[in-house]
$ cat query09.pdb   # PDB, C-alpha atoms and all ligand atoms
ATOM      1  CA  MET A   1      30.222  -0.168 -25.455
ATOM      2  CA  ALA A   2      26.711  -1.659 -25.556
ATOM      3  CA  LYS A   3      24.237  -0.009 -23.257
ATOM      4  CA  PRO A   4      22.778  -2.122 -20.449
ATOM      5  CA  ARG A   5      19.196  -3.282 -20.915
ATOM      6  CA  ILE A   6      16.380  -2.584 -18.465
ATOM      7  CA  PHE A   7      13.002  -4.331 -18.432
ATOM      8  CA  ILE A   8      10.114  -2.189 -17.153
ATOM      9  CA  THR A   9       7.037  -4.266 -16.542
ATOM     10  CA  ARG A  10       4.440  -1.617 -17.600
ATOM     11  CA  PRO A  11       4.422   1.905 -18.991
ATOM     12  CA  ILE A  12       5.424   4.263 -16.170
ATOM     13  CA  PRO A  13       5.484   8.083 -16.050
ATOM     14  CA  SER A  14       7.974   9.642 -18.448
ATOM     15  CA  ALA A  15       9.916  11.102 -15.517
ATOM     16  CA  GLY A  16      11.363   7.611 -15.046
ATOM     17  CA  ILE A  17      11.759   6.609 -18.684
ATOM     18  CA  ASP A  18      13.483   9.901 -19.596
ATOM     19  CA  LEU A  19      16.150   9.348 -16.948
ATOM     20  CA  LEU A  20      16.863   5.857 -18.216
ATOM     21  CA  GLN A  21      16.801   6.404 -21.952
ATOM     22  CA  ASP A  22      20.226   8.028 -22.336
ATOM     23  CA  HIS A  23      21.945   5.251 -20.451
ATOM     24  CA  CYS A  24      20.015   2.069 -21.224
ATOM     25  CA  GLU A  25      18.158   0.077 -23.818
ATOM     26  CA  VAL A  26      14.686   0.350 -22.342
ATOM     27  CA  ASP A  27      12.172  -2.479 -22.853
ATOM     28  CA  VAL A  28       8.733  -1.504 -21.595
ATOM     29  CA  PHE A  29       6.102  -4.217 -21.359
ATOM     30  CA  PRO A  30       3.135  -2.553 -23.105
ATOM     31  CA  GLY A  31       0.410  -3.552 -20.635
ATOM     32  CA  PRO A  32      -2.203  -2.510 -19.721
ATOM     33  CA  ALA A  33      -2.267  -5.851 -17.859
ATOM     34  CA  PRO A  34       0.895  -7.002 -16.092
ATOM     35  CA  PRO A  35       3.134  -9.418 -18.004
ATOM     36  CA  SER A  36       2.191 -13.062 -17.711
ATOM     37  CA  ARG A  37       4.686 -15.232 -15.900
ATOM     38  CA  ALA A  38       6.166 -16.369 -19.240
ATOM     39  CA  GLU A  39       6.409 -12.757 -20.439
ATOM     40  CA  LEU A  40       8.068 -11.718 -17.201
ATOM     41  CA  LEU A  41      10.633 -14.520 -17.442
ATOM     42  CA  ALA A  42      11.318 -13.673 -21.086
ATOM     43  CA  GLY A  43      11.768  -9.980 -20.253
ATOM     44  CA  VAL A  44      14.148 -10.704 -17.409
ATOM     45  CA  ALA A  45      16.184 -13.132 -19.508
ATOM     46  CA  LYS A  46      17.503 -10.225 -21.604
ATOM     47  CA  ALA A  47      17.788  -7.626 -18.844
ATOM     48  CA  ASP A  48      20.626  -6.257 -16.745
ATOM     49  CA  ALA A  49      18.080  -4.414 -14.598
ATOM     50  CA  ILE A  50      14.400  -4.822 -13.902
ATOM     51  CA  LEU A  51      11.960  -2.145 -12.814
ATOM     52  CA  PRO A  52       8.926  -4.107 -11.599
ATOM     53  CA  LEU A  53       5.674  -2.961 -10.039
ATOM     54  CA  LEU A  54       3.976  -4.475  -7.026
ATOM     55  CA  THR A  55       1.990  -6.736  -9.366
ATOM     56  CA  GLU A  56       5.086  -8.761 -10.304
ATOM     57  CA  ARG A  57       6.262 -11.598  -8.098
ATOM     58  CA  ILE A  58      10.045 -11.495  -8.274
ATOM     59  CA  ASP A  59      11.192 -14.792  -6.829
ATOM     60  CA  GLU A  60      13.913 -17.381  -7.249
ATOM     61  CA  GLU A  61      12.499 -18.535 -10.602
ATOM     62  CA  VAL A  62      12.661 -14.992 -11.990
ATOM     63  CA  LEU A  63      16.187 -14.511 -10.674
ATOM     64  CA  ARG A  64      17.225 -17.784 -12.290
ATOM     65  CA  ALA A  65      15.764 -16.581 -15.595
ATOM     66  CA  GLY A  66      18.036 -13.525 -15.483
ATOM     67  CA  PRO A  67      21.394 -14.623 -14.084
ATOM     68  CA  GLN A  68      22.933 -11.396 -15.443
ATOM     69  CA  LEU A  69      20.541  -9.145 -13.422
ATOM     70  CA  ARG A  70      22.420  -6.451 -11.513
ATOM     71  CA  VAL A  71      19.584  -4.562  -9.846
ATOM     72  CA  ILE A  72      15.866  -4.767  -9.042
ATOM     73  CA  ALA A  73      14.278  -1.321  -8.737
ATOM     74  CA  ASN A  74      10.714  -1.739  -7.482
ATOM     75  CA  MET A  75       8.425   1.191  -8.236
ATOM     76  CA  ALA A  76       6.747   1.037  -4.814
ATOM     77  CA  VAL A  77       7.698   1.590  -1.223
ATOM     78  CA  GLY A  78       6.372  -1.867  -0.319
ATOM     79  CA  TYR A  79       8.444  -4.783  -1.545
ATOM     80  CA  ASP A  80       6.546  -7.828  -0.357
ATOM     81  CA  ASN A  81       6.340  -8.836  -4.057
ATOM     82  CA  ILE A  82      10.086  -9.495  -4.042
ATOM     83  CA  ASP A  83      11.945 -12.384  -2.472
ATOM     84  CA  VAL A  84      14.566 -10.082  -0.975
ATOM     85  CA  ALA A  85      16.463 -12.938   0.675
ATOM     86  CA  ALA A  86      16.857 -14.664  -2.714
ATOM     87  CA  ALA A  87      18.064 -11.423  -4.316
ATOM     88  CA  THR A  88      20.494 -10.832  -1.449
ATOM     89  CA  ALA A  89      21.852 -14.364  -1.761
ATOM     90  CA  ARG A  90      22.682 -13.535  -5.387
ATOM     91  CA  GLY A  91      24.201 -10.167  -4.451
ATOM     92  CA  ILE A  92      21.458  -8.221  -6.259
ATOM     93  CA  PRO A  93      20.459  -4.942  -4.619
ATOM     94  CA  VAL A  94      16.727  -4.242  -4.367
ATOM     95  CA  GLY A  95      15.496  -0.647  -4.448
ATOM     96  CA  ASN A  96      12.194   0.883  -3.387
ATOM     97  CA  THR A  97      10.609   4.357  -3.356
ATOM     98  CA  PRO A  98      10.176   5.516   0.260
ATOM     99  CA  GLY A  99       9.176   9.019   1.316
ATOM    100  CA  VAL A 100       7.832  10.425  -1.944
ATOM    101  CA  LEU A 101       4.437   8.771  -1.555
ATOM    102  CA  THR A 102       3.945   9.290   2.172
ATOM    103  CA  GLU A 103       1.686  12.334   2.126
ATOM    104  CA  THR A 104      -0.255  11.220  -0.956
ATOM    105  CA  SER A 105      -0.958   7.832   0.617
ATOM    106  CA  ALA A 106      -2.008   9.455   3.889
ATOM    107  CA  ASP A 107      -4.396  11.747   1.983
ATOM    108  CA  LEU A 108      -6.034   8.683   0.485
ATOM    109  CA  ALA A 109      -6.266   6.832   3.803
ATOM    110  CA  PHE A 110      -7.947   9.843   5.353
ATOM    111  CA  ALA A 111     -10.254  10.211   2.359
ATOM    112  CA  LEU A 112     -11.373   6.597   2.836
ATOM    113  CA  LEU A 113     -11.879   7.137   6.558
ATOM    114  CA  LEU A 114     -14.063  10.188   5.910
ATOM    115  CA  ALA A 115     -15.916   8.533   3.038
ATOM    116  CA  ALA A 116     -16.803   5.479   5.123
ATOM    117  CA  ALA A 117     -17.731   7.551   8.181
ATOM    118  CA  ARG A 118     -20.055   9.853   6.238
ATOM    119  CA  HIS A 119     -21.476   7.553   3.534
ATOM    120  CA  ILE A 120     -20.002   9.622   0.722
ATOM    121  CA  VAL A 121     -20.150   6.911  -1.940
ATOM    122  CA  PRO A 122     -23.688   5.619  -1.174
ATOM    123  CA  GLY A 123     -24.819   9.257  -0.951
ATOM    124  CA  ALA A 124     -23.404  10.071  -4.386
ATOM    125  CA  ASP A 125     -24.900   6.860  -5.843
ATOM    126  CA  TYR A 126     -28.285   7.808  -4.353
ATOM    127  CA  VAL A 127     -28.264  11.211  -6.030
ATOM    128  CA  ARG A 128     -27.041   9.814  -9.345
ATOM    129  CA  ALA A 129     -29.842   7.251  -9.266
ATOM    130  CA  GLY A 130     -32.402  10.062  -9.041
ATOM    131  CA  ARG A 131     -33.560   9.030  -5.570
ATOM    132  CA  TRP A 132     -32.992  12.378  -3.794
ATOM    133  CA  GLN A 133     -36.499  13.711  -3.124
ATOM    134  CA  THR A 134     -36.012  16.035  -0.153
ATOM    135  CA  TRP A 135     -33.813  16.830   2.840
ATOM    136  CA  GLU A 136     -34.404  14.075   5.358
ATOM    137  CA  PRO A 137     -33.641  14.218   9.060
ATOM    138  CA  GLN A 138     -32.348  10.659   9.160
ATOM    139  CA  LEU A 139     -30.812  10.152   5.761
ATOM    140  CA  PHE A 140     -27.345   8.551   5.637
ATOM    141  CA  LEU A 141     -26.512   9.308   9.241
ATOM    142  CA  GLY A 142     -22.841   8.647   9.726
ATOM    143  CA  GLN A 143     -20.250   8.855  12.454
ATOM    144  CA  ASP A 144     -18.357  11.890  13.633
ATOM    145  CA  VAL A 145     -14.682  11.871  12.839
ATOM    146  CA  HIS A 146     -13.815  14.892  14.963
ATOM    147  CA  GLY A 147     -13.285  13.887  18.554
ATOM    148  CA  ALA A 148     -13.279  10.162  17.718
ATOM    149  CA  THR A 149     -10.467   7.755  18.573
ATOM    150  CA  LEU A 150      -8.199   6.631  15.766
ATOM    151  CA  GLY A 151      -6.084   3.505  16.173
ATOM    152  CA  ILE A 152      -3.090   3.433  13.837
ATOM    153  CA  VAL A 153      -1.598   0.007  13.249
ATOM    154  CA  GLY A 154       1.991   0.788  12.270
ATOM    155  CA  LEU A 155       3.093   4.337  13.032
ATOM    156  CA  GLY A 156       5.748   4.457  10.314
ATOM    157  CA  ARG A 157       6.081   7.218   7.720
ATOM    158  CA  ILE A 158       2.537   6.901   6.356
ATOM    159  CA  GLY A 159       0.985   6.156   9.749
ATOM    160  CA  GLN A 160       2.574   9.342  11.111
ATOM    161  CA  ALA A 161       1.263  11.358   8.169
ATOM    162  CA  VAL A 162      -2.224  10.013   8.893
ATOM    163  CA  ALA A 163      -1.768  10.979  12.558
ATOM    164  CA  ARG A 164      -0.930  14.549  11.495
ATOM    165  CA  ARG A 165      -4.192  14.723   9.580
ATOM    166  CA  ALA A 166      -6.107  13.185  12.486
ATOM    167  CA  ARG A 167      -4.749  15.847  14.840
ATOM    168  CA  GLY A 168      -6.302  18.480  12.600
ATOM    169  CA  PHE A 169      -9.630  16.739  13.112
ATOM    170  CA  GLY A 170      -9.218  16.747  16.890
ATOM    171  CA  MET A 171      -8.991  12.967  17.070
ATOM    172  CA  ARG A 172      -7.509  11.034  19.952
ATOM    173  CA  ILE A 173      -4.757   8.890  18.460
ATOM    174  CA  LEU A 174      -3.566   5.498  19.648
ATOM    175  CA  PHE A 175      -0.985   3.403  17.865
ATOM    176  CA  HIS A 176       0.567   0.000  17.944
ATOM    177  CA  GLY A 177       3.891  -0.831  16.326
ATOM    178  CA  GLY A 178       6.325   0.958  14.116
ATOM    179  CA  SER A 179       7.510   4.140  15.769
ATOM    180  CA  ASP A 180      10.101   5.571  18.054
ATOM    181  CA  GLN A 181       8.822   7.274  21.173
ATOM    182  CA  THR A 182       9.973  10.751  20.098
ATOM    183  CA  ALA A 183       7.963  10.743  16.860
ATOM    184  CA  ALA A 184       4.963   9.299  18.673
ATOM    185  CA  GLU A 185       5.089  11.929  21.421
ATOM    186  CA  ALA A 186       5.541  14.779  18.955
ATOM    187  CA  LEU A 187       2.327  13.658  17.271
ATOM    188  CA  GLY A 188       0.455  13.401  20.552
ATOM    189  CA  THR A 189      -0.157   9.691  20.010
ATOM    190  CA  ARG A 190      -0.161   6.991  22.662
ATOM    191  CA  ARG A 191       1.337   3.530  22.237
ATOM    192  CA  VAL A 192      -1.044   0.838  23.458
ATOM    193  CA  PRO A 193      -1.149  -2.948  23.242
ATOM    194  CA  PHE A 194      -2.802  -4.211  20.049
ATOM    195  CA  ALA A 195      -5.864  -5.541  21.884
ATOM    196  CA  GLU A 196      -6.426  -2.196  23.596
ATOM    197  CA  LEU A 197      -6.118  -0.311  20.301
ATOM    198  CA  LEU A 198      -8.800  -2.542  18.788
ATOM    199  CA  GLN A 199     -11.110  -2.192  21.779
ATOM    200  CA  GLN A 200     -10.856   1.575  22.104
ATOM    201  CA  SER A 201     -10.737   2.813  18.528
ATOM    202  CA  ASP A 202     -13.657   4.196  16.527
ATOM    203  CA  PHE A 203     -11.479   3.976  13.430
ATOM    204  CA  VAL A 204      -8.648   1.499  12.891
ATOM    205  CA  SER A 205      -6.266   2.402  10.067
ATOM    206  CA  VAL A 206      -3.690  -0.126   8.908
ATOM    207  CA  HIS A 207      -0.223   1.099   7.858
ATOM    208  CA  THR A 208       2.054  -1.830   8.496
ATOM    209  CA  PRO A 209       4.149  -3.556   5.823
ATOM    210  CA  LEU A 210       3.116  -7.074   4.874
ATOM    211  CA  ASN A 211       5.431  -9.738   6.223
ATOM    212  CA  ALA A 212       5.212 -13.049   8.061
ATOM    213  CA  GLU A 213       4.236 -11.317  11.319
ATOM    214  CA  THR A 214       1.558  -9.073   9.829
ATOM    215  CA  HIS A 215      -0.079 -11.572   7.467
ATOM    216  CA  HIS A 216      -3.766 -11.695   8.583
ATOM    217  CA  LEU A 217      -2.920  -9.584  11.622
ATOM    218  CA  ILE A 218      -6.521  -8.369  11.448
ATOM    219  CA  ASP A 219      -8.136 -11.779  11.812
ATOM    220  CA  ALA A 220     -11.382 -13.011  13.366
ATOM    221  CA  ALA A 221     -10.046 -12.567  16.894
ATOM    222  CA  ALA A 222      -8.911  -9.009  16.190
ATOM    223  CA  LEU A 223     -12.215  -8.073  14.562
ATOM    224  CA  GLN A 224     -14.096  -9.491  17.549
ATOM    225  CA  ARG A 225     -12.298  -7.038  19.801
ATOM    226  CA  MET A 226     -13.412  -4.026  17.767
ATOM    227  CA  LYS A 227     -16.452  -1.893  18.593
ATOM    228  CA  PRO A 228     -19.678  -2.642  16.694
ATOM    229  CA  THR A 229     -19.523   0.985  15.514
ATOM    230  CA  ALA A 230     -15.890   0.737  14.400
ATOM    231  CA  ILE A 231     -14.664   1.368  10.878
ATOM    232  CA  LEU A 232     -11.598  -0.437   9.499
ATOM    233  CA  VAL A 233      -9.451   1.310   6.892
ATOM    234  CA  ASN A 234      -6.759  -0.638   5.038
ATOM    235  CA  THR A 235      -4.414   1.154   2.659
ATOM    236  CA  ALA A 236      -1.365  -1.021   3.405
ATOM    237  CA  ARG A 237      -1.533  -4.479   1.865
ATOM    238  CA  GLY A 238      -4.642  -6.621   1.443
ATOM    239  CA  ALA A 239      -3.237  -9.677   3.161
ATOM    240  CA  VAL A 240      -2.788  -7.840   6.468
ATOM    241  CA  VAL A 241      -6.549  -8.401   6.826
ATOM    242  CA  ASP A 242      -8.150 -11.851   6.664
ATOM    243  CA  PRO A 243     -10.879 -11.301   4.026
ATOM    244  CA  VAL A 244     -13.042 -14.214   5.180
ATOM    245  CA  ALA A 245     -13.047 -12.948   8.761
ATOM    246  CA  LEU A 246     -13.720  -9.422   7.526
ATOM    247  CA  TYR A 247     -16.740 -10.586   5.545
ATOM    248  CA  GLU A 248     -18.098 -12.332   8.655
ATOM    249  CA  ALA A 249     -17.517  -9.241  10.810
ATOM    250  CA  LEU A 250     -19.149  -6.861   8.316
ATOM    251  CA  SER A 251     -22.102  -9.049   7.444
ATOM    252  CA  SER A 252     -22.877  -9.913  11.073
ATOM    253  CA  GLY A 253     -22.599  -6.323  12.296
ATOM    254  CA  GLN A 254     -19.597  -7.113  14.455
ATOM    255  CA  ILE A 255     -18.001  -3.939  13.032
ATOM    256  CA  ALA A 256     -19.798  -1.136  11.215
ATOM    257  CA  ALA A 257     -17.850  -0.743   7.988
ATOM    258  CA  ALA A 258     -14.582  -1.174   6.140
ATOM    259  CA  ALA A 259     -12.858   0.950   3.527
ATOM    260  CA  LEU A 260     -10.208  -0.870   1.547
ATOM    261  CA  ASP A 261      -7.675   0.427  -0.944
ATOM    262  CA  VAL A 262      -6.030  -3.000  -0.985
ATOM    263  CA  THR A 263      -7.473  -6.497  -1.037
ATOM    264  CA  GLU A 264      -6.485 -10.150  -0.925
ATOM    265  CA  PRO A 265      -6.308 -11.190  -3.689
ATOM    266  CA  GLU A 266      -5.776  -8.070  -5.744
ATOM    267  CA  PRO A 267      -7.891  -7.407  -7.678
ATOM    268  CA  PRO A 268     -10.678  -9.320  -5.925
ATOM    269  CA  ALA A 269     -12.782 -11.704  -8.021
ATOM    270  CA  THR A 270     -15.880  -9.992  -9.378
ATOM    271  CA  ASP A 271     -17.980 -12.285  -7.171
ATOM    272  CA  ASP A 272     -15.887 -11.627  -4.049
ATOM    273  CA  PRO A 273     -18.479 -11.490  -1.228
ATOM    274  CA  LEU A 274     -16.931  -8.295   0.187
ATOM    275  CA  LEU A 275     -17.959  -6.463  -2.994
ATOM    276  CA  GLY A 276     -21.592  -7.314  -2.321
ATOM    277  CA  LEU A 277     -21.665  -5.588   1.065
ATOM    278  CA  ALA A 278     -23.091  -2.097   1.339
ATOM    279  CA  ASN A 279     -20.822  -1.409   4.323
ATOM    280  CA  CYS A 280     -17.605  -2.265   2.486
ATOM    281  CA  LEU A 281     -16.041   0.389   0.267
ATOM    282  CA  VAL A 282     -13.346  -0.944  -2.051
ATOM    283  CA  ILE A 283     -11.165   1.117  -4.393
ATOM    284  CA  PRO A 284      -8.392  -0.152  -6.704
ATOM    285  CA  HIS A 285      -5.110   0.419  -4.804
ATOM    286  CA  LEU A 286      -4.907   4.159  -5.396
ATOM    287  CA  GLY A 287      -2.845   5.161  -2.337
ATOM    288  CA  SER A 288       0.015   6.759  -4.244
ATOM    289  CA  ALA A 289      -2.019   7.598  -7.346
ATOM    290  CA  SER A 290      -1.451  11.305  -7.852
ATOM    291  CA  VAL A 291       0.211  12.657 -10.978
ATOM    292  CA  ALA A 292       3.075  14.227  -9.049
ATOM    293  CA  THR A 293       3.721  11.273  -6.752
ATOM    294  CA  ARG A 294       3.706   8.622  -9.457
ATOM    295  CA  ALA A 295       6.210  10.754 -11.415
ATOM    296  CA  LYS A 296       8.452  10.954  -8.340
ATOM    297  CA  MET A 297       8.171   7.211  -7.780
ATOM    298  CA  ALA A 298       9.110   6.515 -11.413
ATOM    299  CA  ALA A 299      12.112   8.841 -11.188
ATOM    300  CA  MET A 300      13.240   7.342  -7.892
ATOM    301  CA  ALA A 301      12.987   3.801  -9.231
ATOM    302  CA  ALA A 302      14.946   4.871 -12.330
ATOM    303  CA  GLU A 303      17.669   6.416 -10.147
ATOM    304  CA  ASN A 304      17.914   3.193  -8.160
ATOM    305  CA  ALA A 305      18.222   1.210 -11.379
ATOM    306  CA  LEU A 306      20.924   3.490 -12.808
ATOM    307  CA  ALA A 307      22.944   3.357  -9.600
ATOM    308  CA  GLY A 308      22.739  -0.437  -9.605
ATOM    309  CA  LEU A 309      23.846  -0.608 -13.225
ATOM    310  CA  ARG A 310      26.820   1.651 -12.463
ATOM    311  CA  GLY A 311      27.765  -0.627  -9.569
ATOM    312  CA  GLU A 312      27.039   2.142  -7.066
ATOM    313  CA  ARG A 313      24.969   1.908  -3.887
ATOM    314  CA  LEU A 314      21.280   2.366  -4.577
ATOM    315  CA  PRO A 315      19.983   5.628  -3.102
ATOM    316  CA  HIS A 316      17.128   3.599  -1.574
ATOM    317  CA  CYS A 317      18.112   0.010  -0.955
ATOM    318  CA  VAL A 318      16.131  -2.501   1.112
ATOM    319  CA  ASN A 319      18.909  -5.108   1.335
ATOM    320  CA  GLU A 320      22.035  -3.224   2.409
ATOM    321  CA  ALA A 321      23.449  -6.659   3.270
ATOM    322  CA  VAL A 322      24.501  -6.997  -0.380
ATOM    323  CA  TYR A 323      27.068  -4.256   0.209
ATOM    324  CA  GLU A 324      28.340  -5.740   3.435
ATOM    325  CA  ALA A 325      29.114  -8.925   1.542
ATOM    326  CA  ARG A 326      31.006  -6.854  -1.098
ATOM    327  CA  ASP A 327      32.915  -4.558   1.307
TER     328      ASP A 327
HETATM  329  C1  LIG B 401       3.549   1.160  -2.503
HETATM  330  O1  LIG B 401       4.349   1.933  -3.038
HETATM  331  O2  LIG B 401       3.898   0.192  -1.840
HETATM  332  C2  LIG B 401       2.125   1.465  -2.693
HETATM  333  O3  LIG B 401       1.291   0.474  -2.231
HETATM  334  C3  LIG B 401       1.817   1.797  -4.137
HETATM  335  O4  LIG B 401       0.733   2.661  -4.103
END
$ encode --input "query09.pdb" --output "structure tokens" --more "lines below"
Ligand code: DGY
Amino acid sequence: MAKPRIFITRPIPSAGIDLLQDHCEVDVFPGPAPPSRAELLAGVAKADAILPLLTERIDEEVLRAGPQLRVIANMAVGYDNIDVAAATARGIPVGNTPGVLTETSADLAFALLLAAARHIVPGADYVRAGRWQTWEPQLFLGQDVHGATLGIVGLGRIGQAVARRARGFGMRILFHGGSDQTAAEALGTRRVPFAELLQQSDFVSVHTPLNAETHHLIDAAALQRMKPTAILVNTARGAVVDPVALYEALSSGQIAAAALDVTEPEPPATDDPLLGLANCLVIPHLGSASVATRAKMAAMAAENALAGLRGERLPHCVNEAVYEARD
């Protein structure tokens, strides 16, 4: 019997490919850039399964191009790149990779928080540029992280992992959205209204998924509520923050700084005004980018794909409704 065919939209760690190879014909788009729309549609047209990355928009047009598709196995925990309702309507299960990237992503969020608070990147640039002449009493004075108030927007898996790190730094932790009371209490965090979180926090760290409710959640009004000394960290999805409002807030001194792992759009244009600001640190969506975690994500996505191809429930499915319709 012919093996099913899977389309992987970029080279992924071998941990994923190795799992698939015995069971599937594996087509890997060579990259390094994502497939163009035409290349994506052509890849899907031949595939029984697709393993996309967050760079691929999987919508009705893509699903139409591959009427034989049996599973979509996103290699990411976030799945805002997929029209899940359209996939569900066609009975196609959609998989994601929760859990395995939680701690790695929280490490990165905390690294950004510390870097922005203590001017790590400008300090390193200063030394590299040969400008370090002597110890100076007022050079690159930053903000204390220990004892400061951290506001976590979205106390889900990653938000909780950030809270655990913040406890180690003796931070006071507030949160809004995304947790049950037991988890929140165990972490010593306090649920507050969104406006209060913005007003009280020295650091605001965003960990909410992107959806219709959270699109531009951090807008001009939200930024106006923040302290002039506040630092915004976004490692969730770029579009949770309104970039135009953020530029205004950073350039006018309404907030002190931002550290972004994610942007809208992604990547930003080279002349994006945010990139010209000394108080805005931007890195290229590296939240889950450790060797071990990316291997786990690849393997988890592969396991989702194989389960879908066998007609079994995906180990990690975001649209369980497809099974209800079948049962
Ligand atoms: C995810 O998995 O959603 C992350 O953003 C990838 O790092």
$ resolve_selection --input "query09.pdb" --expression "the PyMOL selection byres (((chain A and resi 139-148) around 8) and not hetatm)" --output "short mmCIF file (atom, residue, chain, number, x, y, z; two decimals) with C-alpha atoms, in the frame of the given file"
data_model
loop_
_atom_site.label_atom_id
_atom_site.label_comp_id
_atom_site.auth_asym_id
_atom_site.auth_seq_id
_atom_site.Cartn_x
_atom_site.Cartn_y
_atom_site.Cartn_z
CA LEU A 114 -14.06 10.19 5.91
CA ALA A 117 -17.73 7.55 8.18
CA ARG A 118 -20.06 9.85 6.24
CA HIS A 119 -21.48 7.55 3.53
CA GLY A 123 -24.82 9.26 -0.95
CA TRP A 135 -33.81 16.83 2.84
CA GLU A 136 -34.40 14.08 5.36
CA PRO A 137 -33.64 14.22 9.06
CA GLN A 138 -32.35 10.66 9.16
CA THR A 149 -10.47 7.76 18.57
CA LEU A 150 -8.20 6.63 15.77
CA PHE A 169 -9.63 16.74 13.11
CA GLY A 170 -9.22 16.75 16.89
CA MET A 171 -8.99 12.97 17.07
CA ARG A 172 -7.51 11.03 19.95
CA SER A 201 -10.74 2.81 18.53
CA ASP A 202 -13.66 4.20 16.53
CA PHE A 203 -11.48 3.98 13.43
#
$ closest_residue --input "query09.pdb" --among "A:Val318, A:Val204, A:Val240, A:Met75" --to "ligand LIG 401 (chain B)" --atoms "all atoms listed in the file"
A:Met75
$ residues_near_point --input "query09.pdb" --point "(6.8, 1.0, 14.4)" --cutoff "9 Å" --atoms "all atoms listed in the file" --output "ChimeraX atom specification"
/A:153-156,175-180,208
$ resolve_selection --input "query09.pdb" --expression "the PyMOL selection byres (((chain A and resi 9-20) around 9) and not hetatm)" --output "number ranges by chain"
A: 6-8, 21-35, 40, 43, 50-53, 56, 291, 294-303, 305-306
$ residues_near_ligand --input "query09.pdb" --ligand "ligand LIG 401 (chain B)" --cutoff "6 Å" --atoms "all atoms listed in the file" --output "list in words"
Ala76, Val77, Gly78, Leu286, Gly287 and Ser288 of chain A
$ resolve_selection --input "query09.pdb" --expression "the PyMOL selection byres (((chain A and resi 105) around 12) and not hetatm)" --output "ChimeraX atom specification"
/A:76-77,98-104,106-112,157-162,165,206-207,234-236,261,285-290,293-294
$ decode --input "query09.pdb" --residues "range 92-103 of chain A" --atoms "N, CA, C and O atoms" --output "compact mmCIF listing (two decimals), in the first residue's frame"
# COMPACT_ATOMS: atom_id res chain seq x y z
N ILE A 92 -11.11 18.08 9.80
CA ILE A 92 -9.64 17.88 9.86
C ILE A 92 -9.14 18.26 11.25
O ILE A 92 -9.28 19.41 11.68
N PRO A 93 -8.54 17.31 11.97
CA PRO A 93 -7.99 17.67 13.28
C PRO A 93 -6.73 18.53 13.13
O PRO A 93 -5.94 18.35 12.22
N VAL A 94 -6.60 19.46 14.07
CA VAL A 94 -5.44 20.37 14.10
C VAL A 94 -4.67 20.10 15.38
O VAL A 94 -5.24 20.13 16.48
N GLY A 95 -3.36 19.83 15.24
CA GLY A 95 -2.54 19.56 16.41
C GLY A 95 -1.61 20.72 16.72
O GLY A 95 -1.27 21.51 15.83
N ASN A 96 -1.20 20.81 17.98
CA ASN A 96 -0.20 21.81 18.37
C ASN A 96 0.80 21.16 19.34
O ASN A 96 0.75 19.95 19.55
N THR A 97 1.70 21.96 19.90
CA THR A 97 2.79 21.38 20.71
C THR A 97 2.84 22.02 22.11
O THR A 97 3.84 22.67 22.45
N PRO A 98 1.81 21.83 22.91
CA PRO A 98 1.80 22.47 24.23
C PRO A 98 2.76 21.78 25.21
O PRO A 98 3.09 20.61 25.05
N GLY A 99 3.16 22.53 26.23
CA GLY A 99 3.90 21.93 27.34
C GLY A 99 5.40 21.89 27.13
O GLY A 99 6.15 22.41 27.95
N VAL A 100 5.83 21.34 26.00
CA VAL A 100 7.29 21.12 25.83
C VAL A 100 8.08 22.42 25.73
O VAL A 100 9.29 22.41 25.92
N LEU A 101 7.42 23.51 25.38
CA LEU A 101 8.18 24.76 25.22
C LEU A 101 7.95 25.74 26.36
O LEU A 101 8.49 26.86 26.35
N THR A 102 7.18 25.33 27.36
CA THR A 102 6.79 26.26 28.42
C THR A 102 8.00 26.88 29.13
O THR A 102 8.12 28.10 29.21
N GLU A 103 8.87 26.02 29.64
CA GLU A 103 9.98 26.54 30.46
C GLU A 103 10.98 27.31 29.59
O GLU A 103 11.51 28.34 30.02
